[in-house]
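Inspection log for the structure reproduced underneath, given as structure tokens.
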Amino acid sequence: MLTEAVRSLVGLGKNAARRAQGRLASIGGKKTAAKGLENFHSNMLSLSDVLDKVSDGPDGIYSGSLAAGCIGEADMICAHRFNILGRGHMYLGDRISWNTDHNSGYVWKNEYFKCIRTVDLMNAADVKVPWELSRFHHLITLGKAWYLTRDKKYSNEFTEQLTDWIKNNPAGFSVNWTSVMEAAIRSVNWIAGSLFFRGAFANDPGFLSTFNMSLYEHGAFIERHCRYQCRNKNNHYVAHFAGLIWLGLYFANAGSRAGSAARRWLGKGLNGFERQMRSQVFEEGSHKELSTYYHKFVTEVFLLTALICRRNGVKLSDRFTGRLEKMCGLILKLVKPDGFCPLIGDSDDGRFLVFSSYFHRTPRDFRHVLAPAAGYFGREDLLRAAAPMIEDVFWTSDKFPHDPEDSTAAVSAPSAAADAFCGFGLYLFRDHDLYVLIRCGRFADRGLTGHVHNDQLSFVMSACGFDFFVDPGTYVYSADRGMRELFRSTRSHNTLFIEGAEQNESVRDELFLIKEKTFSRCLKFSQERFSGAHTGYRREYGLIHRRSVDFSRSGVTIRDVLSGDSLKPFRADLGFMLDPQVEVAGTPSGFILKNGKVRLHMRIRPRHPVRQMEGVVSESYGTLRKTTRIVIEDIRPNEPVITHIGVLRY
């Protein structure tokens, strides 16, 4: 494989080729140093002790439809049918092409990873597709089916896929090596998947040698490149250290030189985890990239890695554990009664490990993180919230719901409460009937603007468990530049927008960079009222948008005003993006909004021109749904617009 990789250096310049060849030689040296791994079997403990009681015993859960569903998903994987990033089931052929965007058909050539262009805004290729497939989240599903049936077709599929991937993705030479985070997440999933197949490789030392050698190359690659590829310390950086920890634990009992490298990886990973928990997570427990989904993803990485550390006798600091518990607690508070969480900012459906529903994941459902959290922190409230995620609880928690058959339980709504997450800039009001989440505040931390949207003073709202006003989501990143800009634009959110302007300034041809102008601030927040303002329109128009929201059990009253003396003509509107399930009927005083059995009455004062327009939302990466936008037109300076949204009892 090393020789094949070196041959592909022909397309590089002489100096670049020499440098790349030197780096490859270094990886090859690590490989030589790892002699003795051919028959190495890791003694790393799995996340849970339940492998021997999958289908029997008092805690066994795999029977009937659950077992059939698991086996059915594994059979789909064996047939090479995948649902990648919500694009529907696709047949990838008898031999999987690991370097292809199976949506656009674009294929990346196997070149040195630093010479591969992953994003080209002139085509529709989405590098996330090969990356997602090569994360190997599906290995756990294969492992579960093998443990249930002991059918060799599942263990054979495991070995065949990994052997083929390793052959066609030589270390450092494919699009799947262009991101260190991808190498780290792939390593973790290979390790987690292999734990299910303990003993299955006893008669296949050739595969075990290939597998261990490639994992060792992954560790050497991550160690060499993790710091240089991540100048902005973000979720990628956390995943880098997680990969080093898992690999360090996996090779902990290997031969002298390999074991020495493993101890170094483990030490670097643990030190990195401690530092990044301090630098990337606010004291309140929110993540500094200011996206609810990326907060969930980073929490998942921290939590599952902390859990595997505990299982293997490795301790993290009390400070780390305390802040991690706050991260989980924030998710618990943000989860709505239906179990879903609003997707504020970017979301890309990224996962660390997938223990259940490989083909039917719901990205807005964050409760799979609460499952390991329940056992790790010993908290019954987390366990109750995670109860419907029965497989996740089973595999990652030593606690178990009192009624494991109850897989439809909703998150219990607390009494009226108001929670402010000032670091993130989220303000939450909820009681038994209403859920209102407002975005106002911090736009970036230390230049980390990559996953924020122009959503200042926007809100989402559900009533009696049904969504009404929603965030539009993300849709895609590089595959469609126009849609990328639309979904993070001001006009797509539930806030005031000026035609032809944005709250904050997008940077041309930059998919993950926005220059701040808003400098939003919360002026007041209590159980009865929120008020805030932003200055995104002051420099160009001389105007400040101020919004207040009054809460009551019967609904909310929103007051919007553009204060100031306008510097030039403008057209301002107020937009409201509705959930696709909401039916809209006009009335003399406004609108009746209906979702399920719940109806809201939306009234606007004073009278303004109002239009119903077609909008689009994305509930998961790569998917679109049509919906309705209500737009209140002709907002004038210093003339407040009051929108009352009341719940009609049913």
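Each chain of the structure tokens is named A, B, ... in the order shown, its residues numbered from 1; ligands are numbered from 1 in display order.
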Discussion item. As a PyMOL selection string, please: the residues near A:Phe158 (cut-off 12 Å, only C-alpha atoms, same-chain neighbours under 5 positions excluded).
Written reply: chain A and resi 74+77-78+80+136-146+151-153+163-165+189-191+193-197+200-201+207-208+211
Practice prompt. Please provide as a PyMOL selection string all residues within 7 Å of A:Val180, with the sequence filter that same-chain residues fewer than 3 positions apart are discarded (counting only C-alpha atoms).
Written response: chain A and resi 177+183-184+222+225-226+240
Let's have the selection written as a PDB file, in the first residue's frame, with C-alpha atoms.
```
ATOM      1  CA  TRP A 177      -7.695  11.287   4.854  1.00  0.00           C
ATOM      2  CA  ALA A 183      -9.741   9.542  10.633  1.00  0.00           C
ATOM      3  CA  ALA A 184     -10.476   9.837  14.358  1.00  0.00           C
ATOM      4  CA  ILE A 222      -3.882  11.759  13.915  1.00  0.00           C
ATOM      5  CA  HIS A 225      -1.575  16.231  11.905  1.00  0.00           C
ATOM      6  CA  CYS A 226      -4.201  16.990  14.566  1.00  0.00           C
ATOM      7  CA  HIS A 240      -8.983  14.404  17.280  1.00  0.00           C
TER       8      HIS A 240
END
```
Test item: residues at most 7 Å from stretch 555-557 of chain A, only C-alpha atoms, excluding those fewer than 5 positions along its chain, as a short mmCIF file (atom, residue, chain, number, x, y, z; two decimals) with C-alpha atoms, in the first residue's frame:
```
data_model
loop_
_atom_site.label_atom_id
_atom_site.label_comp_id
_atom_site.auth_asym_id
_atom_site.auth_seq_id
_atom_site.Cartn_x
_atom_site.Cartn_y
_atom_site.Cartn_z
CA VAL A 549 -41.68 38.96 24.24
CA ASP A 550 -44.21 38.73 27.05
CA ILE A 642 -47.34 43.87 18.06
CA THR A 643 -47.97 40.21 17.29
CA HIS A 644 -50.09 38.27 19.77
CA ILE A 645 -50.01 34.48 19.51
CA GLY A 646 -52.60 32.87 21.76
CA VAL A 647 -53.42 29.22 22.41
#
```
Discussion item. Taking 6 positions as the minimum chain separation for residues in the same chain, which residues sit within 12 Å of A:Lys626 when counting only C-alpha atoms? Answer as a list of chain:residue names.
Written reply: A:Pro472, A:Met577, A:Leu578, A:Asp579, A:Pro580, A:Gln581, A:Val582, A:Met613, A:Glu614, A:Gly615, A:Val616, A:Val617, A:Ser618, A:Glu619
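The shortest atom-to-atom distance to A:Ser478, with only C-alpha atoms taken into account, belongs to A:Lys128 out of A:Lys333, A:His608, A:Lys128, A:Arg186.
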Fill in: Non-local contacts of A:Lys517 (10 Å; only C-alpha atoms; under 5 positions in same chain excluded) as an NGL selection string
:A and (443 or 502-505 or 534-539)
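Minimum distance to A:Gly345 across A:Thr490, A:Ser97, A:Gln612, A:Ser214 (counting only C-alpha atoms) occurs at A:Thr490.
Atom CA of A:Glu499 is positioned 14.2 Å from atom CA of A:Ser566.
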Discussion item. For a quick check of understanding, using only C-alpha atoms, which of A:Arg361, A:Lys233, A:His368, A:Lys109 has the smallest distance to A:Lys296?
Written reply: A:His368
